[in-house]
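For reference, the structure is listed below as C-alpha cells.
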There are 2 protein chains.
Amino acid sequence: MRIHFQELFDTLHRVLIKTGFTNDRATLSSRLFAETTRDGVYTHGINRFQRFMRMIENGSIDIHASPEKVVSMGALEKWDGRQGPGNINAYLSMERAIELAKTNGIGCVALANTNHWMRGGSYGWQAADAGMIGICWTNTLPNLPPWGADKPLLGNNPLVIAVPRAGGHVVLDMAMSQFSFGALESYRERGEPLPVDGGYDGDGNLTRDAAAIEETGRVLPIGFWKGSGLSLVLDMIAAGLSGGLATHQIPVEPELETGISQVFIAMNISAKDAADRIIADLKSVDGVRYPGERTLDLRRENMEKGIPVEVQVWDDLQRMLV
Amino acid sequence: MRIHFQELFDTLHRVLIKTGFTNDRATLSSRLFAETTRDGVYTHGINRFQRFMRMIENGSIDIHASPEKVVSMGALEKWDGRQGPGNINAYLSMERAIELAKTNGIGCVALANTNHWMRGGSYGWQAADAGMIGICWTNTLPNLPPWGADKPLLGNNPLVIAVPRAGGHVVLDMAMSQFSFGALESYRERGEPLPVDGGYDGDGNLTRDAAAIEETGRVLPIGFWKGSGLSLVLDMIAAGLSGGLATHQIPVEPELETGISQVFIAMNISAKDAADRIIADLKSVDGVRYPGERTLDLRRENMEKGIPVEVQVWDDLQRMLV
C-alpha cells in the first residue's frame, strides 16, 4: 500500500504525543521518521519505529531528555545526549555544529550517551540544506569483525558526508560493512543475491547469500582491511572527542544498544560552484550516479504516488493509537 | 643495501641545497622524505625523489614558494600553496591546523594550488605527535574509474586519519582504490598476486594480477560503489573549501600533476584514555593489527639495521651530487 507523506507524518506524530512527547519534539522526531521513509530508506524509517517504541518502553530511550553542553573549546563542543531519542539528539547536534560553523568557519559537536540516530543521512541533508558541508558518524554496538578475525569487535559505524549543491545535494551515507544489516535484510526478503561478496557463510567462505551472512554475523568491511581500519578510527574519535562509550563498551543486544557516541561537523563552503562542475563532469559518462541522486528520484516518486508501506507495519502503527 | 637514517637524510639534504632550497626548507623536506623511507613507504620516500626533482625541473614545483593565507573564517582558513613543494606545504598546513585547534578545539586549513604531498600519513603522525586527532586528504589527477564506468573520472584521493596514543599512534593512510599505484607496483615487482581483486584486466574481468591492472588503469574503488562515492565527496570538499582545482581539472600526465587541493583538520582530544582502551580490546584477539602498528615495527627495524635502499636508486642520488 502507499500512504501520503502527510498521513504518515500525522500518524507517527499522534503515536508520539500519546507516548508523552511534547508537541515540538513529536513534530521533529516524526518528521525525521517520515522523511526517511519518503526517501526510500524504509529500514530506518517506519520499519524501525516499532523497535524505537520498544526501546522507550525498556528504558533505553528517555523521551524527555535533551542534550546538554558539557565542554566548549570554541568551535568544538562536547555534549551529553542523556539517552534522549537518537534522531532528536542528532538533529539538534548538527544544528549546533552549523551554528558554530557560521561563526568559526567550521563547527564540531561530539555527542556522548545518545541513541541510534536512525538514518544518518538525515543530518547530512540537514547540513546541506543550510548550505554547509556536513560530516557526521556514529559508533554502534560490536557487529563487524575486524580484518583478520571472526569475532565482531568493531561497529559498522555509518559515516555521512554531504556537500550542498543547487542541482541536488550530494549525500554519502555509508556503513563500514559492505552491506548494512538493513540492506542484507532487504536482499534476503527479496530473495536476491548480493551484487558482490558481503561476508562469510557458515563454512568461512565469502558469499553473496544475505541470509547466510545474517546467520554468521560475519559481514565484510568495505575494502577488507581498509574499512576495518576506518571503522576503528571513527570509533576512537567518537569516543575520544565525546568522552562517551566506545563500541566495545556498548551492549550487544540491539534493543539495549544505548549510550553510543557521535560526531557532527559542519563547514562553511566558499567555492559553491565546484560541486556543480564536478557533478557535470561525472555525469558526462552514461550510467554513473552520485550519492544522493537516487534518493532525489525516490523522494519525488514517493511524494507523488504516496510512500510504500507494508500492510503489517501500517496496521501495527494503527494499533498503537487505540 | 641498507643506509642509516642520518646518511639518507644528509644525502637528500645536500641534493636539495644544491638545487637551491634554503637550509630550513631543505631540512624539512629531506626529513619528510627520509622518515617516509624509514617507515617502509618506499614508493613515496626515496623511490619518489627522482620524480620530485624532475617536477622541479619542469616547473611544476616552485622550490621557493610558501603557502599564503587567503581567507580566515576563524577556525577554518583557506591557503594558496603557490605550487610549492608538496611535502613542505602539507606539513606547514597541518602545523597551522594544529595551532587553530589549540585555540578553537578544532582547526581546518584548506589548501589550494599545491603539489603531491608524498606520504599522506606523515601529516597524520605529525598531528598525533602534537597530541591531536589529525584528518587530512588530497585530491589527485583522474586515475580511478567511478563505479559504473571504465574511464578514470575520480582521483584515488588518499585519506589520512590519525589518533594519538601513548602506546603508539593509530594512523590510517588509505587511497580510495583498493590498492594504491605504489602498492600495485610493489606486487608486480615481487611477482605476487594481489590478496584480493584490485581492478579489471584487458577483458573487463576482475583480477588479482597487478600488472594487468596497471595496463588497463582500471583500479577498483574500496567497497565498489562506496569508495567511488567517498572519493567523489572528498574531491568536492577539497575543491569547494580551498577554491582550488578539482580532480577533473588536474593534468592527467603524472609529472605535470600540480595545482591540487588538500584539507587538513586537527582536533583537540579530551578523553585520551579511550584510544588505549579500544586498542587493548582489539588486541585481545590474536592476529588483529591496527593501522600504524606495522609502521612502528618497520621503523624500529630500519633505525636499527639501516633502511633498505635499492642500489640503482642510491647511485642515482649520488650522481645528483656530482
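By order in the C-alpha cells, chains are A, B, ...; within a chain, residues start at 1; ligands start at 1, following the order shown.
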Residues of chain A within 8 Å of chain B, only C-alpha atoms counted, as number ranges by chain: A: 73-77, 103-108, 133, 146-149, 153, 161-163, 170, 172, 174, 178, 221-223, 226, 229-230, 233, 236-237, 239-243, 246, 248, 268-275, 278, 281-282, 285-288, 290-291
All strand (DSSP E or B) positions in range 86-240 of chain A, as a VMD selection string: chain A and resid 106 to 115 132 to 138 144 154 159 to 163 170 to 174 177 199 to 200 206 to 207 219 221
Test item, helix (DSSP H, G or I) assignment across range 32-96 of chain B, answer as a PyMOL selection string: chain B and resi 32-38+42-44+46-57+86-96
Contact residues around Ala210 in chain B with only C-alpha atoms at 9 Å, ignoring same-chain residues under 4 positions, as a compact mmCIF listing (two decimals) with C-alpha atoms, in the first residue's frame:
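Full text of out19.txt as output:
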# COMPACT_ATOMS: atom_id res chain seq x y z
CA ALA B 183 51.17 -1.00 -3.97
CA LEU B 184 50.39 -2.39 -7.44
CA GLU B 185 53.96 -1.61 -8.45
CA SER B 186 55.32 -3.45 -5.39
CA TYR B 187 53.22 -6.58 -6.04
CA ARG B 188 54.21 -6.57 -9.72
CA GLY B 191 55.73 -11.17 -8.85
CA GLU B 192 52.99 -11.77 -6.26
CA PRO B 193 49.24 -11.84 -6.88
CA LEU B 194 47.16 -9.30 -5.00
CA GLY B 198 42.23 -4.98 -7.25
CA GLY B 199 40.78 -3.97 -10.60
CA GLU B 214 48.37 -1.26 -14.30
CA GLU B 215 47.89 -1.80 -18.05
All residues 8 Å or closer to Pro251 in chain A, only C-alpha atoms, same chain fewer than 6 positions away omitted, as a list in words: Leu141, Glu257 and Thr258 of chain A
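Of note, CA of Asn156 in chain B and CA of Met94 in chain B are spaced 20.8 Å apart.
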Point-to-point distance in Å for CA of Gly131 in chain A and CA of Arg96 in chain A: 14.3 Å
Nearby residues (only C-alpha atoms) at most 8 Å from Arg38 in chain B, same-chain spacing under 5 positions excluded, as a ChimeraX atom specification: /B:5,298-299,302-303,307
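In terms of minimum interatomic distance to Val252 in chain A, A:Asn143 ranks closest within A:Val41, A:Thr114, A:Leu28, A:Asn143, counting only C-alpha atoms.
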Near-Ile61 in chain B list (12 Å; only C-alpha atoms; drop same-chain fewer than 2 positions) as an MDAnalysis selection string: chainID B and resid 21 51:59 63:66 81:89 113:117 255:260
Expected file: the selected residues, N, CA and C atoms, as an mmCIF file, in the first residue's frame:
data_model
loop_
_atom_site.group_PDB
_atom_site.id
_atom_site.type_symbol
_atom_site.label_atom_id
_atom_site.label_comp_id
_atom_site.auth_asym_id
_atom_site.auth_seq_id
_atom_site.Cartn_x
_atom_site.Cartn_y
_atom_site.Cartn_z
ATOM 1 N N PHE B 21 67.312 25.007 -2.524
ATOM 2 C CA PHE B 21 66.455 25.145 -1.336
ATOM 3 C C PHE B 21 67.212 25.925 -0.253
ATOM 4 N N ARG B 51 61.413 11.651 -9.251
ATOM 5 C CA ARG B 51 60.284 12.297 -9.907
ATOM 6 C C ARG B 51 60.066 13.704 -9.340
ATOM 7 N N PHE B 52 60.247 13.810 -8.036
ATOM 8 C CA PHE B 52 60.133 15.112 -7.357
ATOM 9 C C PHE B 52 61.121 16.108 -7.990
ATOM 10 N N MET B 53 62.353 15.643 -8.228
ATOM 11 C CA MET B 53 63.374 16.518 -8.817
ATOM 12 C C MET B 53 63.016 16.896 -10.256
ATOM 13 N N ARG B 54 62.469 15.936 -11.004
ATOM 14 C CA ARG B 54 62.076 16.242 -12.391
ATOM 15 C C ARG B 54 60.945 17.264 -12.422
ATOM 16 N N MET B 55 60.056 17.222 -11.398
ATOM 17 C CA MET B 55 58.948 18.173 -11.373
ATOM 18 C C MET B 55 59.398 19.563 -10.925
ATOM 19 N N ILE B 56 60.548 19.620 -10.277
ATOM 20 C CA ILE B 56 61.166 20.937 -10.025
ATOM 21 C C ILE B 56 61.717 21.472 -11.355
ATOM 22 N N GLU B 57 62.394 20.561 -12.080
ATOM 23 C CA GLU B 57 62.974 20.966 -13.375
ATOM 24 C C GLU B 57 61.921 21.398 -14.382
ATOM 25 N N ASN B 58 60.778 20.671 -14.417
ATOM 26 C CA ASN B 58 59.764 21.016 -15.437
ATOM 27 C C ASN B 58 58.842 22.151 -14.993
ATOM 28 N N GLY B 59 59.123 22.726 -13.835
ATOM 29 C CA GLY B 59 58.383 23.922 -13.412
ATOM 30 C C GLY B 59 57.095 23.652 -12.664
ATOM 31 N N ILE B 63 60.378 25.681 -5.830
ATOM 32 C CA ILE B 63 61.050 25.354 -4.565
ATOM 33 C C ILE B 63 61.052 26.511 -3.572
ATOM 34 N N HIS B 64 60.845 27.730 -4.034
ATOM 35 C CA HIS B 64 60.898 28.885 -3.126
ATOM 36 C C HIS B 64 59.531 29.303 -2.594
ATOM 37 N N ALA B 65 58.455 28.710 -3.137
ATOM 38 C CA ALA B 65 57.106 29.172 -2.779
ATOM 39 C C ALA B 65 56.656 28.632 -1.426
ATOM 40 N N SER B 66 56.065 29.519 -0.624
ATOM 41 C CA SER B 66 55.445 29.137 0.649
ATOM 42 C C SER B 66 53.947 29.400 0.578
ATOM 43 N N GLY B 81 48.748 27.358 -1.933
ATOM 44 C CA GLY B 81 50.046 26.672 -1.852
ATOM 45 C C GLY B 81 51.080 27.178 -2.844
ATOM 46 N N ARG B 82 50.670 27.991 -3.796
ATOM 47 C CA ARG B 82 51.558 28.636 -4.766
ATOM 48 C C ARG B 82 52.536 27.650 -5.435
ATOM 49 N N GLN B 83 52.080 26.430 -5.609
ATOM 50 C CA GLN B 83 52.876 25.380 -6.267
ATOM 51 C C GLN B 83 54.211 25.095 -5.580
ATOM 52 N N GLY B 84 54.239 25.324 -4.267
ATOM 53 C CA GLY B 84 55.438 24.971 -3.506
ATOM 54 C C GLY B 84 55.592 23.455 -3.407
ATOM 55 N N PRO B 85 56.734 22.988 -2.884
ATOM 56 C CA PRO B 85 56.939 21.545 -2.713
ATOM 57 C C PRO B 85 55.820 20.958 -1.851
ATOM 58 N N GLY B 86 55.225 19.852 -2.321
ATOM 59 C CA GLY B 86 54.029 19.306 -1.687
ATOM 60 C C GLY B 86 54.222 18.895 -0.238
ATOM 61 N N ASN B 87 55.379 18.308 0.084
ATOM 62 C CA ASN B 87 55.538 17.860 1.469
ATOM 63 C C ASN B 87 55.736 19.052 2.421
ATOM 64 N N ILE B 88 56.452 20.083 1.978
ATOM 65 C CA ILE B 88 56.609 21.281 2.822
ATOM 66 C C ILE B 88 55.256 21.968 3.015
ATOM 67 N N ASN B 89 54.518 22.156 1.932
ATOM 68 C CA ASN B 89 53.203 22.799 2.015
ATOM 69 C C ASN B 89 52.263 22.047 2.957
ATOM 70 N N ASN B 113 46.133 24.739 -4.900
ATOM 71 C CA ASN B 113 47.314 25.049 -5.703
ATOM 72 C C ASN B 113 48.608 24.493 -5.105
ATOM 73 N N THR B 114 48.546 23.245 -4.674
ATOM 74 C CA THR B 114 49.742 22.630 -4.107
ATOM 75 C C THR B 114 50.194 21.455 -4.962
ATOM 76 N N ASN B 115 51.162 20.703 -4.451
ATOM 77 C CA ASN B 115 51.712 19.558 -5.167
ATOM 78 C C ASN B 115 51.578 18.289 -4.344
ATOM 79 N N HIS B 116 51.834 17.159 -4.970
ATOM 80 C CA HIS B 116 51.750 15.846 -4.317
ATOM 81 C C HIS B 116 52.466 15.900 -2.963
ATOM 82 N N TRP B 117 51.765 15.420 -1.929
ATOM 83 C CA TRP B 117 52.320 15.517 -0.570
ATOM 84 C C TRP B 117 53.215 14.339 -0.220
ATOM 85 N N GLU B 255 53.744 13.651 -14.261
ATOM 86 C CA GLU B 255 54.801 14.614 -13.927
ATOM 87 C C GLU B 255 54.381 16.070 -14.133
ATOM 88 N N LEU B 256 53.130 16.247 -14.571
ATOM 89 C CA LEU B 256 52.575 17.609 -14.652
ATOM 90 C C LEU B 256 51.412 17.773 -13.671
ATOM 91 N N GLU B 257 51.245 16.784 -12.759
ATOM 92 C CA GLU B 257 50.147 16.829 -11.776
ATOM 93 C C GLU B 257 50.463 17.901 -10.733
ATOM 94 N N THR B 258 49.966 19.096 -10.966
ATOM 95 C CA THR B 258 50.174 20.171 -9.983
ATOM 96 C C THR B 258 48.871 20.947 -9.822
ATOM 97 N N GLY B 259 48.845 21.842 -8.828
ATOM 98 C CA GLY B 259 47.641 22.640 -8.591
ATOM 99 C C GLY B 259 46.563 21.862 -7.869
ATOM 100 N N ILE B 260 46.935 20.834 -7.107
ATOM 101 C CA ILE B 260 45.933 20.007 -6.439
ATOM 102 C C ILE B 260 45.433 20.668 -5.144
#
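Close contacts of Arg14 in chain A, defined as residues with an atom at most 10 Å away when counting only C-alpha atoms, with chain neighbours fewer than 3 positions off set aside, comprise Phe9, Asp10, Thr11, Ile17, Lys18, Thr19, Gly20, Phe21, Asn23, Ala26, Thr27, Ser30, Met320 and Leu321 of chain A.
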Å distance separating CA of Lys305 in chain A from CA of Arg2 in chain A, one decimal place: 7.2 Å
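Remark: for Thr138 in chain A, the closest of the candidate residues A:Thr216, A:Asn47, A:Gln312, A:Ser231 is A:Ser231 (distances computed over only C-alpha atoms).
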